[in-house]
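Note: the block below is start-v6.txt and it holds compact mmCIF, C-alpha atoms and all ligand atoms.
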# COMPACT_ATOMS: atom_id res chain seq x y z
CA MET A 1 30.53 -44.14 -44.37
CA LEU A 2 33.58 -44.60 -46.59
CA VAL A 3 37.07 -43.70 -45.31
CA THR A 4 40.00 -43.57 -47.73
CA GLY A 5 43.40 -44.00 -46.10
CA GLY A 6 41.70 -45.86 -43.23
CA ALA A 7 44.80 -48.01 -42.65
CA GLY A 8 46.92 -44.94 -41.97
CA PHE A 9 47.63 -42.98 -38.80
CA ILE A 10 44.80 -40.42 -38.79
CA GLY A 11 42.37 -42.41 -40.95
CA SER A 12 42.45 -45.49 -38.70
CA ASN A 13 41.80 -43.36 -35.60
CA ILE A 14 38.78 -41.81 -37.39
CA VAL A 15 37.51 -45.28 -38.37
CA ASP A 16 37.76 -46.47 -34.75
CA LEU A 17 35.71 -43.51 -33.51
CA LEU A 18 33.06 -43.93 -36.23
CA ILE A 19 32.69 -47.62 -35.37
CA GLU A 20 32.49 -46.79 -31.67
CA LYS A 21 29.60 -44.44 -32.61
CA ASN A 22 27.91 -47.37 -34.44
CA TYR A 23 28.50 -46.18 -37.99
CA GLU A 24 28.98 -48.81 -40.69
CA VAL A 25 32.40 -48.15 -42.19
CA CYS A 26 34.15 -49.17 -45.37
CA VAL A 27 37.88 -48.50 -45.89
CA ILE A 28 39.77 -47.96 -49.14
CA ASP A 29 43.56 -48.06 -48.79
CA SER A 30 46.37 -49.26 -51.07
CA LEU A 31 48.48 -50.11 -47.98
CA ILE A 32 51.41 -48.25 -49.53
CA HIS A 33 52.03 -46.54 -46.19
CA GLY A 34 49.22 -47.75 -43.94
CA LYS A 35 49.11 -51.07 -42.09
CA ARG A 36 46.54 -53.84 -42.32
CA SER A 37 46.81 -54.21 -38.53
CA ASN A 38 45.54 -50.60 -38.10
CA ILE A 39 42.24 -51.39 -39.81
CA ASN A 40 39.35 -51.89 -37.40
CA PRO A 41 38.14 -55.51 -37.87
CA LYS A 42 34.52 -54.24 -37.98
CA ALA A 43 35.25 -52.17 -41.10
CA LYS A 44 34.84 -53.58 -44.59
CA PHE A 45 38.21 -53.28 -46.34
CA TYR A 46 39.05 -52.80 -50.03
CA GLU A 47 42.73 -52.84 -50.95
CA VAL A 48 42.40 -50.36 -53.80
CA ASP A 49 44.44 -47.41 -55.04
CA ILE A 50 42.39 -44.19 -55.09
CA ARG A 51 43.56 -43.63 -58.70
CA ASP A 52 42.19 -46.99 -59.83
CA LYS A 53 39.00 -47.43 -61.87
CA LYS A 54 37.92 -49.99 -59.23
CA VAL A 55 37.08 -47.05 -56.93
CA ILE A 56 33.77 -46.57 -58.72
CA GLU A 57 32.93 -50.29 -58.25
CA VAL A 58 33.53 -49.95 -54.51
CA PHE A 59 31.35 -46.83 -54.32
CA ASP A 60 28.66 -48.53 -56.41
CA GLU A 61 28.65 -51.59 -54.16
CA TYR A 62 28.88 -49.71 -50.88
CA ARG A 63 26.80 -46.58 -51.69
CA PRO A 64 28.23 -44.32 -48.93
CA ASP A 65 26.44 -41.13 -47.87
CA PHE A 66 29.64 -39.69 -46.41
CA VAL A 67 33.28 -39.90 -47.48
CA VAL A 68 36.25 -39.06 -45.26
CA HIS A 69 39.08 -38.72 -47.77
CA ASN A 70 42.40 -39.25 -45.97
CA ALA A 71 44.45 -41.22 -48.51
CA ALA A 72 47.36 -39.12 -49.72
CA GLN A 73 51.04 -38.95 -50.47
CA ILE A 74 52.05 -37.20 -47.22
CA SER A 75 55.79 -36.61 -47.57
CA VAL A 76 56.83 -33.01 -48.23
CA SER A 77 60.32 -34.03 -49.38
CA ASN A 78 58.94 -36.71 -51.74
CA SER A 79 56.66 -34.06 -53.23
CA VAL A 80 59.76 -31.99 -53.98
CA LYS A 81 61.68 -34.99 -55.39
CA ASP A 82 58.74 -36.33 -57.41
CA PRO A 83 56.02 -33.70 -57.85
CA VAL A 84 54.36 -35.74 -60.61
CA ASN A 85 53.70 -38.65 -58.24
CA ASP A 86 52.48 -36.25 -55.53
CA ALA A 87 50.03 -34.56 -57.90
CA ASP A 88 48.98 -37.90 -59.38
CA ILE A 89 47.92 -39.26 -55.96
CA ASN A 90 46.79 -36.10 -54.20
CA ILE A 91 45.07 -34.33 -57.10
CA MET A 92 44.20 -36.95 -59.76
CA GLY A 93 43.41 -39.61 -57.13
CA THR A 94 41.14 -37.14 -55.34
CA ILE A 95 39.32 -36.24 -58.58
CA ASN A 96 38.74 -39.98 -59.08
CA ILE A 97 37.16 -40.10 -55.59
CA LEU A 98 35.09 -36.96 -56.30
CA GLU A 99 33.80 -38.40 -59.59
CA ALA A 100 32.77 -41.62 -57.84
CA ALA A 101 31.12 -39.52 -55.12
CA LYS A 102 29.20 -37.56 -57.77
CA LYS A 103 28.02 -40.71 -59.56
CA CYS A 104 26.84 -42.30 -56.30
CA ASN A 105 25.18 -39.18 -54.86
CA VAL A 106 27.46 -38.83 -51.84
CA LYS A 107 26.08 -36.14 -49.49
CA LYS A 108 29.28 -34.86 -47.92
CA ILE A 109 33.07 -35.18 -48.08
CA ILE A 110 35.42 -34.46 -45.18
CA TYR A 111 38.95 -33.66 -46.28
CA PRO A 112 42.21 -33.11 -44.33
CA ALA A 113 44.12 -30.11 -45.60
CA SER A 114 47.32 -28.94 -43.96
CA ALA A 115 49.14 -26.01 -42.36
CA ALA A 116 51.75 -26.67 -45.09
CA ILE A 117 49.76 -24.29 -47.31
CA PHE A 118 50.56 -21.20 -45.22
CA GLY A 119 54.36 -21.06 -45.58
CA GLU A 120 56.13 -18.70 -43.14
CA PRO A 121 53.29 -17.05 -41.15
CA VAL A 122 52.84 -13.30 -41.61
CA TYR A 123 50.78 -13.11 -38.40
CA LEU A 124 49.92 -15.42 -35.51
CA PRO A 125 47.79 -17.24 -34.67
CA ILE A 126 47.00 -18.35 -38.23
CA ASP A 127 43.30 -18.12 -39.07
CA GLU A 128 41.45 -19.27 -42.19
CA LYS A 129 41.99 -15.90 -43.89
CA HIS A 130 45.77 -16.04 -43.51
CA PRO A 131 47.49 -15.64 -46.92
CA LEU A 132 48.72 -18.85 -48.54
CA ASP A 133 52.33 -19.34 -49.58
CA MET A 134 52.98 -22.92 -50.63
CA ILE A 135 56.65 -23.90 -50.66
CA SER A 136 56.30 -27.55 -51.79
CA GLY A 137 54.35 -29.66 -54.26
CA TYR A 138 52.60 -31.21 -51.23
CA GLY A 139 51.30 -27.78 -50.13
CA VAL A 140 50.07 -27.08 -53.66
CA SER A 141 48.37 -30.46 -54.06
CA LYS A 142 46.65 -30.31 -50.64
CA HIS A 143 45.30 -26.81 -51.38
CA THR A 144 44.31 -27.59 -54.99
CA VAL A 145 41.82 -30.13 -53.66
CA GLU A 146 40.10 -27.37 -51.65
CA HIS A 147 39.29 -25.66 -54.98
CA TYR A 148 37.90 -28.90 -56.41
CA LEU A 149 35.74 -29.42 -53.31
CA LYS A 150 34.23 -25.96 -53.83
CA VAL A 151 33.59 -26.73 -57.51
CA TYR A 152 31.89 -30.08 -56.73
CA LYS A 153 29.76 -28.29 -54.14
CA SER A 154 28.61 -25.66 -56.62
CA LEU A 155 28.17 -27.99 -59.63
CA ASN A 156 26.98 -31.17 -57.91
CA ASN A 157 25.84 -30.01 -54.48
CA ILE A 158 28.24 -32.28 -52.59
CA ASP A 159 28.75 -30.69 -49.18
CA TYR A 160 32.29 -30.55 -47.85
CA VAL A 161 34.39 -29.60 -44.88
CA SER A 162 38.12 -29.09 -45.32
CA LEU A 163 39.91 -29.40 -41.99
CA ARG A 164 43.28 -27.68 -41.96
CA TYR A 165 45.27 -29.58 -39.35
CA SER A 166 48.28 -28.20 -37.51
CA ASN A 167 50.78 -30.93 -36.39
CA VAL A 168 48.80 -34.06 -35.59
CA TYR A 169 50.38 -36.57 -33.18
CA GLY A 170 49.32 -39.74 -31.36
CA PRO A 171 49.17 -43.53 -31.52
CA ARG A 172 49.97 -45.15 -34.91
CA GLN A 173 51.95 -42.21 -36.26
CA ASP A 174 54.85 -43.41 -38.38
CA SER A 175 58.20 -42.69 -36.77
CA SER A 176 60.31 -43.71 -39.76
CA GLY A 177 61.80 -41.30 -42.29
CA GLU A 178 60.42 -37.82 -41.83
CA GLY A 179 57.54 -38.92 -39.59
CA GLY A 180 56.18 -36.54 -36.97
CA VAL A 181 58.61 -35.16 -34.40
CA VAL A 182 56.56 -36.63 -31.52
CA ALA A 183 56.75 -40.15 -32.98
CA ILE A 184 60.49 -39.80 -33.62
CA PHE A 185 61.25 -38.44 -30.11
CA CYS A 186 59.15 -41.16 -28.42
CA GLU A 187 60.77 -44.04 -30.30
CA LYS A 188 64.31 -42.71 -29.91
CA MET A 189 63.95 -42.01 -26.18
CA LEU A 190 62.28 -45.36 -25.50
CA ASN A 191 65.41 -46.90 -27.04
CA ASP A 192 67.61 -44.70 -24.80
CA GLU A 193 68.85 -42.77 -27.83
CA SER A 194 69.36 -39.02 -27.98
CA PRO A 195 67.01 -37.30 -30.45
CA PHE A 196 68.21 -34.52 -32.77
CA ILE A 197 66.83 -31.01 -32.27
CA TYR A 198 67.35 -28.67 -35.22
CA GLY A 199 68.41 -25.12 -34.28
CA ASP A 200 67.96 -23.97 -30.67
CA GLY A 201 64.70 -25.90 -30.12
CA GLU A 202 62.80 -22.71 -29.33
CA GLN A 203 60.68 -22.94 -32.51
CA ILE A 204 56.96 -22.98 -31.63
CA ARG A 205 54.57 -25.61 -32.97
CA ASP A 206 50.89 -26.40 -32.46
CA PHE A 207 50.44 -30.10 -31.66
CA VAL A 208 46.91 -31.49 -31.86
CA PHE A 209 46.09 -34.97 -30.55
CA VAL A 210 44.72 -37.48 -33.07
CA GLU A 211 41.64 -38.37 -30.95
CA ASP A 212 40.62 -34.69 -31.00
CA VAL A 213 41.16 -34.67 -34.77
CA ALA A 214 38.93 -37.76 -35.11
CA LYS A 215 36.21 -35.96 -33.11
CA ALA A 216 36.44 -32.96 -35.48
CA ASN A 217 35.80 -35.35 -38.40
CA LEU A 218 32.78 -36.85 -36.61
CA LEU A 219 31.33 -33.38 -35.90
CA ALA A 220 31.96 -32.32 -39.51
CA ILE A 221 29.93 -35.35 -40.66
CA GLU A 222 27.11 -34.81 -38.18
CA SER A 223 26.78 -31.01 -38.57
CA ASN A 224 25.43 -28.87 -41.42
CA ALA A 225 28.75 -27.02 -41.62
CA ASN A 226 30.43 -26.43 -44.97
CA GLY A 227 33.77 -24.87 -45.89
CA ILE A 228 37.30 -24.61 -44.58
CA MET A 229 38.34 -24.57 -40.92
CA ASN A 230 41.49 -24.96 -38.84
CA ILE A 231 41.86 -27.90 -36.45
CA CYS A 232 44.58 -27.04 -33.96
CA THR A 233 45.07 -26.03 -30.32
CA ASN A 234 46.44 -22.46 -30.38
CA ASN A 235 48.89 -23.75 -27.72
CA LYS A 236 52.46 -22.64 -28.12
CA VAL A 237 54.71 -25.63 -27.51
CA THR A 238 58.42 -25.38 -28.32
CA VAL A 239 60.39 -28.39 -29.51
CA ASN A 240 62.37 -28.08 -26.26
CA ASP A 241 59.09 -28.24 -24.24
CA LEU A 242 58.10 -31.33 -26.19
CA PHE A 243 61.43 -33.02 -25.51
CA GLU A 244 61.25 -32.15 -21.78
CA THR A 245 57.69 -33.44 -21.41
CA ILE A 246 58.46 -36.75 -23.11
CA ARG A 247 61.61 -37.11 -21.00
CA ASN A 248 59.63 -36.44 -17.80
CA VAL A 249 56.87 -38.91 -18.72
CA LEU A 250 59.51 -41.56 -19.49
CA GLY A 251 61.56 -40.62 -16.41
CA LYS A 252 64.78 -40.95 -18.42
CA ASP A 253 67.91 -38.87 -18.14
CA ILE A 254 68.52 -38.34 -21.84
CA LYS A 255 70.01 -35.22 -23.41
CA ALA A 256 69.01 -33.96 -26.86
CA THR A 257 71.62 -33.50 -29.60
CA TYR A 258 71.40 -29.98 -31.01
CA THR A 259 72.27 -29.57 -34.66
CA SER A 260 72.02 -26.81 -37.29
CA GLU A 261 68.65 -25.46 -38.41
CA ARG A 262 67.08 -27.18 -41.40
CA GLU A 263 66.75 -25.04 -44.52
CA GLY A 264 63.14 -24.09 -45.17
CA ASP A 265 61.97 -24.89 -41.62
CA ILE A 266 59.32 -22.48 -40.39
CA LYS A 267 60.29 -20.64 -37.20
CA ASN A 268 56.99 -20.34 -35.32
CA SER A 269 53.53 -21.61 -36.22
CA TYR A 270 50.28 -21.91 -34.28
CA MET A 271 46.70 -21.58 -35.37
CA THR A 272 43.30 -20.53 -34.05
CA TYR A 273 40.32 -22.93 -33.99
CA LYS A 274 37.67 -20.25 -33.40
CA LYS A 275 35.87 -21.05 -36.67
CA ALA A 276 35.71 -24.80 -35.87
CA LYS A 277 34.35 -23.93 -32.42
CA ASP A 278 31.65 -21.68 -33.89
CA SER A 279 30.72 -24.01 -36.80
CA LEU A 280 31.20 -27.48 -35.31
CA GLY A 281 31.22 -26.87 -31.56
CA TRP A 282 34.69 -28.45 -31.66
CA GLN A 283 37.60 -27.65 -29.41
CA PRO A 284 40.69 -29.63 -28.45
CA GLU A 285 40.17 -31.57 -25.22
CA THR A 286 43.49 -33.33 -24.71
CA THR A 287 46.37 -31.55 -22.98
CA ILE A 288 49.83 -32.10 -24.44
CA GLU A 289 50.84 -34.08 -21.30
CA GLU A 290 47.80 -36.39 -21.60
CA GLY A 291 48.28 -36.84 -25.35
CA LEU A 292 51.97 -37.60 -24.93
CA ARG A 293 51.24 -40.14 -22.15
CA LYS A 294 48.80 -42.01 -24.42
CA THR A 295 51.25 -41.84 -27.33
CA ILE A 296 54.15 -43.12 -25.23
CA GLU A 297 51.99 -46.03 -23.97
CA TYR A 298 51.33 -46.96 -27.60
CA TYR A 299 55.03 -46.94 -28.56
CA LYS A 300 55.89 -48.91 -25.40
CA GLY A 301 53.40 -51.57 -26.55
CA ILE A 302 54.98 -51.72 -30.03
CA LYS A 303 58.46 -52.05 -28.50
CA GLN A 304 57.25 -54.89 -26.27
CA ASP A 305 55.62 -56.69 -29.25
CA ASN A 306 58.87 -56.35 -31.24
CA ASN A 307 60.88 -57.80 -28.34
CA ASN A 308 58.59 -60.85 -27.97
N1 LIG A 401 49.89 -36.10 -39.95
C1 LIG A 401 49.66 -34.77 -39.96
O1 LIG A 401 50.15 -34.02 -39.10
C2 LIG A 401 48.78 -34.18 -41.06
C3 LIG A 401 48.62 -32.79 -41.08
C4 LIG A 401 47.80 -32.25 -42.06
C5 LIG A 401 47.15 -33.07 -42.98
N2 LIG A 401 47.34 -34.41 -42.94
C6 LIG A 401 46.62 -35.21 -43.94
O2 LIG A 401 45.91 -36.24 -43.27
C7 LIG A 401 45.79 -37.40 -44.11
C8 LIG A 401 46.26 -38.63 -43.37
O3 LIG A 401 47.64 -38.47 -43.04
P1 LIG A 401 48.43 -39.47 -42.08
O4 LIG A 401 49.42 -38.68 -41.32
O5 LIG A 401 47.45 -40.33 -41.36
O6 LIG A 401 49.23 -40.33 -43.16
P2 LIG A 401 49.32 -41.91 -43.40
O7 LIG A 401 50.38 -42.10 -44.45
O8 LIG A 401 49.47 -42.63 -42.11
O9 LIG A 401 47.90 -42.23 -44.04
C9 LIG A 401 47.65 -42.11 -45.41
C10 LIG A 401 47.03 -43.41 -45.89
O10 LIG A 401 46.74 -43.28 -47.29
C11 LIG A 401 47.12 -44.49 -47.94
N3 LIG A 401 47.41 -44.16 -49.35
C12 LIG A 401 48.44 -43.40 -49.82
N4 LIG A 401 48.36 -43.34 -51.16
C13 LIG A 401 47.27 -44.05 -51.53
C14 LIG A 401 46.66 -44.34 -52.78
N5 LIG A 401 47.18 -43.88 -53.93
N6 LIG A 401 45.52 -45.07 -52.80
C15 LIG A 401 44.99 -45.56 -51.64
N7 LIG A 401 45.53 -45.33 -50.42
C16 LIG A 401 46.66 -44.58 -50.38
C17 LIG A 401 48.34 -44.99 -47.19
O11 LIG A 401 48.54 -46.39 -47.36
C18 LIG A 401 47.98 -44.62 -45.75
O12 LIG A 401 47.31 -45.67 -45.10
C19 LIG A 401 46.59 -37.08 -45.37
O13 LIG A 401 45.69 -36.65 -46.36
C20 LIG A 401 47.50 -35.94 -44.94
O14 LIG A 401 47.84 -35.12 -46.04
C21 LIG A 401 48.14 -34.99 -42.01
Write the structure described by the file as structure tokens, please.
Amino acid sequence: MLVTGGAGFIGSNIVDLLIEKNYEVCVIDSLIHGKRSNINPKAKFYEVDIRDKKVIEVFDEYRPDFVVHNAAQISVSNSVKDPVNDADINIMGTINILEAAKKCNVKKIIYPASAAIFGEPVYLPIDEKHPLDMISGYGVSKHTVEHYLKVYKSLNNIDYVSLRYSNVYGPRQDSSGEGGVVAIFCEKMLNDESPFIYGDGEQIRDFVFVEDVAKANLLAIESNANGIMNICTNNKVTVNDLFETIRNVLGKDIKATYTSEREGDIKNSYMTYKKAKDSLGWQPETTIEEGLRKTIEYYKGIKQDNNN
């Protein structure tokens, strides 16, 4: 089993689950955003850029049957500032991985796509047939790979599952810069700071816990399923709900700072996982309260480590 981006937030959680299930795992990561400390010590690690020619040497040496391809440039705003870099990593880097997979007879690739490809929803909940309306280079690059996966399936018979995640949250998510809202709220509130809420906070999001996402990857590997499916909860959680729940779990009397809406922010978005349930037998198992408790425990641990 080879996992690219296995030092990152989602990738490292997938690696941990695979190792727990006794798979032999090899990680490729350039560490540009991921952390060495996230990498499971039982995984074999190659510090390699997915665009590098060395990728084929790693595949040749390791001969994986399955590839979970997580490595990516993940910042929407960076994709707008520097679309060439975004396409270089997310499209050209992925083709490099696909070529190595072809040469080494990989059986199946699991790929994380994103709700960023839907733009402003025209109906809810979003299903796999929902029209696409990319509004950033990131959305375009994440979706372009879905076309390549289909082409490699038809030309080279490499199976694939593209998992379109809603908003993933949980331990190891980066809270710096434009990291996930959950990570930012947790870190701010643990430091007794007031987090910003853009607009009135009534915008609806679909937050899926990273351990559930890791299970979807495992089921995609172990099933005969092929194609594209949403990984989400279909739960409607507002940003205000999220803030309240984190505040209650922390037991802190902090007020949010409301500020103007961000241009381009989508008002409401949630997705249905019916296809993943039918094809993989997957459904989210973690409630938002449980997921937030586990996430807060993680950030508390980090804060304690930093203080020691
Ligand atoms: N976080 C979400 O809510 C979400 C939603 C939808 C899709 N995704 C996708 O899931 C995947 C993982 O995202 P994440 O949130 O864990 O991000 P992350 O930044 O924590 O993980 C990405 C990893 O890829 C590595 N990487 C980046 N460029 C690389 C390169 N050129 N060569 C080798 N390694 C490289 C980084 O060092 C990092 O460890 C990405 O493909 C992302 O597009 C994430």
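Nearest residue to ligand LIG 401 (chain A) among A:Phe45, A:Tyr258, A:Tyr111, A:Phe243 is A:Tyr111, counting all atoms listed in the file.
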Site check for ligand LIG 401 (chain A): residues at most 9 Å away, only C-alpha atoms and all ligand atoms, as a PyMOL selection string: chain A and resi 4-13+28-36+38+47-52+69-75+88-90+93+111-116+138+142+163-169+172-174+179-180+207-208+210
Selected residue of minimal separation from Glu244 in chain A among A:Phe185, A:Tyr198, A:Phe66, A:Tyr298, counting only C-alpha atoms: A:Phe185
Residue neighbourhood range 213-229 of chain A, 7 Å, only C-alpha atoms, exclusion window fewer than 6 positions, as a ChimeraX atom specification: /A:13-14,17,110,128,159-164,275-276,279-280,282
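Across the structure, CA of Tyr23 in chain A and CA of His143 in chain A are spaced 28.9 Å apart.
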Written-out range 50-60 of chain A (all heavy atoms) as a PDB file, in the first residue's frame:
ATOM      1  N   ILE A  50       6.079  14.510  -5.431  1.00  0.00           N
ATOM      2  CA  ILE A  50       5.333  13.658  -6.392  1.00  0.00           C
ATOM      3  C   ILE A  50       5.654  14.006  -7.843  1.00  0.00           C
ATOM      4  O   ILE A  50       5.355  13.229  -8.742  1.00  0.00           O
ATOM      5  CB  ILE A  50       3.788  13.693  -6.170  1.00  0.00           C
ATOM      6  CG1 ILE A  50       3.248  15.134  -6.195  1.00  0.00           C
ATOM      7  CG2 ILE A  50       3.412  12.954  -4.898  1.00  0.00           C
ATOM      8  CD1 ILE A  50       1.722  15.215  -6.305  1.00  0.00           C
ATOM      9  N   ARG A  51       6.274  15.184  -8.079  1.00  0.00           N
ATOM     10  CA  ARG A  51       6.619  15.569  -9.455  1.00  0.00           C
ATOM     11  C   ARG A  51       7.976  15.033  -9.871  1.00  0.00           C
ATOM     12  O   ARG A  51       8.367  15.143 -11.023  1.00  0.00           O
ATOM     13  CB  ARG A  51       6.613  17.098  -9.588  1.00  0.00           C
ATOM     14  CG  ARG A  51       5.251  17.697  -9.366  1.00  0.00           C
ATOM     15  CD  ARG A  51       5.326  19.188  -9.132  1.00  0.00           C
ATOM     16  NE  ARG A  51       5.947  19.501  -7.846  1.00  0.00           N
ATOM     17  CZ  ARG A  51       6.150  20.720  -7.371  1.00  0.00           C
ATOM     18  NH1 ARG A  51       5.798  21.754  -8.088  1.00  0.00           N
ATOM     19  NH2 ARG A  51       6.708  20.913  -6.193  1.00  0.00           N
ATOM     20  N   ASP A  52       8.705  14.482  -8.895  1.00  0.00           N
ATOM     21  CA  ASP A  52      10.093  14.068  -9.124  1.00  0.00           C
ATOM     22  C   ASP A  52      10.173  12.733  -9.863  1.00  0.00           C
ATOM     23  O   ASP A  52       9.319  11.868  -9.681  1.00  0.00           O
ATOM     24  CB  ASP A  52      10.769  13.937  -7.744  1.00  0.00           C
ATOM     25  CG  ASP A  52      12.265  14.045  -7.846  1.00  0.00           C
ATOM     26  OD1 ASP A  52      12.870  13.225  -8.550  1.00  0.00           O
ATOM     27  OD2 ASP A  52      12.824  14.959  -7.211  1.00  0.00           O
ATOM     28  N   LYS A  53      11.245  12.589 -10.658  1.00  0.00           N
ATOM     29  CA  LYS A  53      11.468  11.315 -11.378  1.00  0.00           C
ATOM     30  C   LYS A  53      11.688  10.162 -10.401  1.00  0.00           C
ATOM     31  O   LYS A  53      11.488   8.997 -10.747  1.00  0.00           O
ATOM     32  CB  LYS A  53      12.685  11.444 -12.292  1.00  0.00           C
ATOM     33  CG  LYS A  53      12.420  12.283 -13.529  1.00  0.00           C
ATOM     34  CD  LYS A  53      13.516  12.075 -14.581  1.00  0.00           C
ATOM     35  CE  LYS A  53      13.146  12.727 -15.898  1.00  0.00           C
ATOM     36  NZ  LYS A  53      13.023  14.196 -15.788  1.00  0.00           N
ATOM     37  N   LYS A  54      12.129  10.502  -9.175  1.00  0.00           N
ATOM     38  CA  LYS A  54      12.401   9.450  -8.164  1.00  0.00           C
ATOM     39  C   LYS A  54      11.147   8.648  -7.809  1.00  0.00           C
ATOM     40  O   LYS A  54      11.243   7.548  -7.266  1.00  0.00           O
ATOM     41  CB  LYS A  54      12.940  10.091  -6.873  1.00  0.00           C
ATOM     42  CG  LYS A  54      14.395  10.480  -6.945  1.00  0.00           C
ATOM     43  CD  LYS A  54      14.886  10.915  -5.579  1.00  0.00           C
ATOM     44  CE  LYS A  54      16.081  11.826  -5.707  1.00  0.00           C
ATOM     45  NZ  LYS A  54      15.980  13.026  -4.880  1.00  0.00           N
ATOM     46  N   VAL A  55       9.968   9.211  -8.113  1.00  0.00           N
ATOM     47  CA  VAL A  55       8.711   8.514  -7.792  1.00  0.00           C
ATOM     48  C   VAL A  55       8.711   7.108  -8.399  1.00  0.00           C
ATOM     49  O   VAL A  55       8.349   6.139  -7.739  1.00  0.00           O
ATOM     50  CB  VAL A  55       7.499   9.346  -8.293  1.00  0.00           C
ATOM     51  CG1 VAL A  55       6.242   8.493  -8.415  1.00  0.00           C
ATOM     52  CG2 VAL A  55       7.233  10.517  -7.341  1.00  0.00           C
ATOM     53  N   ILE A  56       9.172   7.012  -9.633  1.00  0.00           N
ATOM     54  CA  ILE A  56       9.155   5.701 -10.293  1.00  0.00           C
ATOM     55  C   ILE A  56      10.104   4.728  -9.575  1.00  0.00           C
ATOM     56  O   ILE A  56       9.801   3.538  -9.451  1.00  0.00           O
ATOM     57  CB  ILE A  56       9.435   5.807 -11.824  1.00  0.00           C
ATOM     58  CG1 ILE A  56       9.337   4.445 -12.509  1.00  0.00           C
ATOM     59  CG2 ILE A  56      10.750   6.454 -12.147  1.00  0.00           C
ATOM     60  CD1 ILE A  56       7.982   3.842 -12.526  1.00  0.00           C
ATOM     61  N   GLU A  57      11.231   5.252  -9.064  1.00  0.00           N
ATOM     62  CA  GLU A  57      12.167   4.373  -8.320  1.00  0.00           C
ATOM     63  C   GLU A  57      11.490   3.830  -7.057  1.00  0.00           C
ATOM     64  O   GLU A  57      11.640   2.663  -6.716  1.00  0.00           O
ATOM     65  CB  GLU A  57      13.426   5.144  -7.912  1.00  0.00           C
ATOM     66  CG  GLU A  57      14.319   5.492  -9.101  1.00  0.00           C
ATOM     67  CD  GLU A  57      15.399   6.501  -8.727  1.00  0.00           C
ATOM     68  OE1 GLU A  57      15.809   6.548  -7.539  1.00  0.00           O
ATOM     69  OE2 GLU A  57      15.822   7.256  -9.623  1.00  0.00           O
ATOM     70  N   VAL A  58      10.736   4.699  -6.384  1.00  0.00           N
ATOM     71  CA  VAL A  58      10.040   4.255  -5.162  1.00  0.00           C
ATOM     72  C   VAL A  58       9.010   3.173  -5.521  1.00  0.00           C
ATOM     73  O   VAL A  58       8.940   2.129  -4.871  1.00  0.00           O
ATOM     74  CB  VAL A  58       9.343   5.441  -4.445  1.00  0.00           C
ATOM     75  CG1 VAL A  58       8.533   4.960  -3.252  1.00  0.00           C
ATOM     76  CG2 VAL A  58      10.356   6.491  -4.019  1.00  0.00           C
ATOM     77  N   PHE A  59       8.234   3.429  -6.566  1.00  0.00           N
ATOM     78  CA  PHE A  59       7.218   2.446  -6.985  1.00  0.00           C
ATOM     79  C   PHE A  59       7.882   1.122  -7.375  1.00  0.00           C
ATOM     80  O   PHE A  59       7.392   0.048  -7.035  1.00  0.00           O
ATOM     81  CB  PHE A  59       6.394   2.979  -8.177  1.00  0.00           C
ATOM     82  CG  PHE A  59       5.180   3.773  -7.779  1.00  0.00           C
ATOM     83  CD1 PHE A  59       5.313   4.996  -7.154  1.00  0.00           C
ATOM     84  CD2 PHE A  59       3.890   3.311  -8.043  1.00  0.00           C
ATOM     85  CE1 PHE A  59       4.203   5.752  -6.802  1.00  0.00           C
ATOM     86  CE2 PHE A  59       2.767   4.051  -7.691  1.00  0.00           C
ATOM     87  CZ  PHE A  59       2.923   5.271  -7.074  1.00  0.00           C
ATOM     88  N   ASP A  60       9.008   1.234  -8.088  1.00  0.00           N
ATOM     89  CA  ASP A  60       9.721   0.049  -8.557  1.00  0.00           C
ATOM     90  C   ASP A  60      10.238  -0.779  -7.389  1.00  0.00           C
ATOM     91  O   ASP A  60      10.157  -2.004  -7.382  1.00  0.00           O
ATOM     92  CB  ASP A  60      10.925   0.509  -9.400  1.00  0.00           C
ATOM     93  CG  ASP A  60      10.951  -0.215 -10.724  1.00  0.00           C
ATOM     94  OD1 ASP A  60      10.083  -1.080 -10.928  1.00  0.00           O
ATOM     95  OD2 ASP A  60      11.841   0.084 -11.533  1.00  0.00           O
TER      96      ASP A  60
END
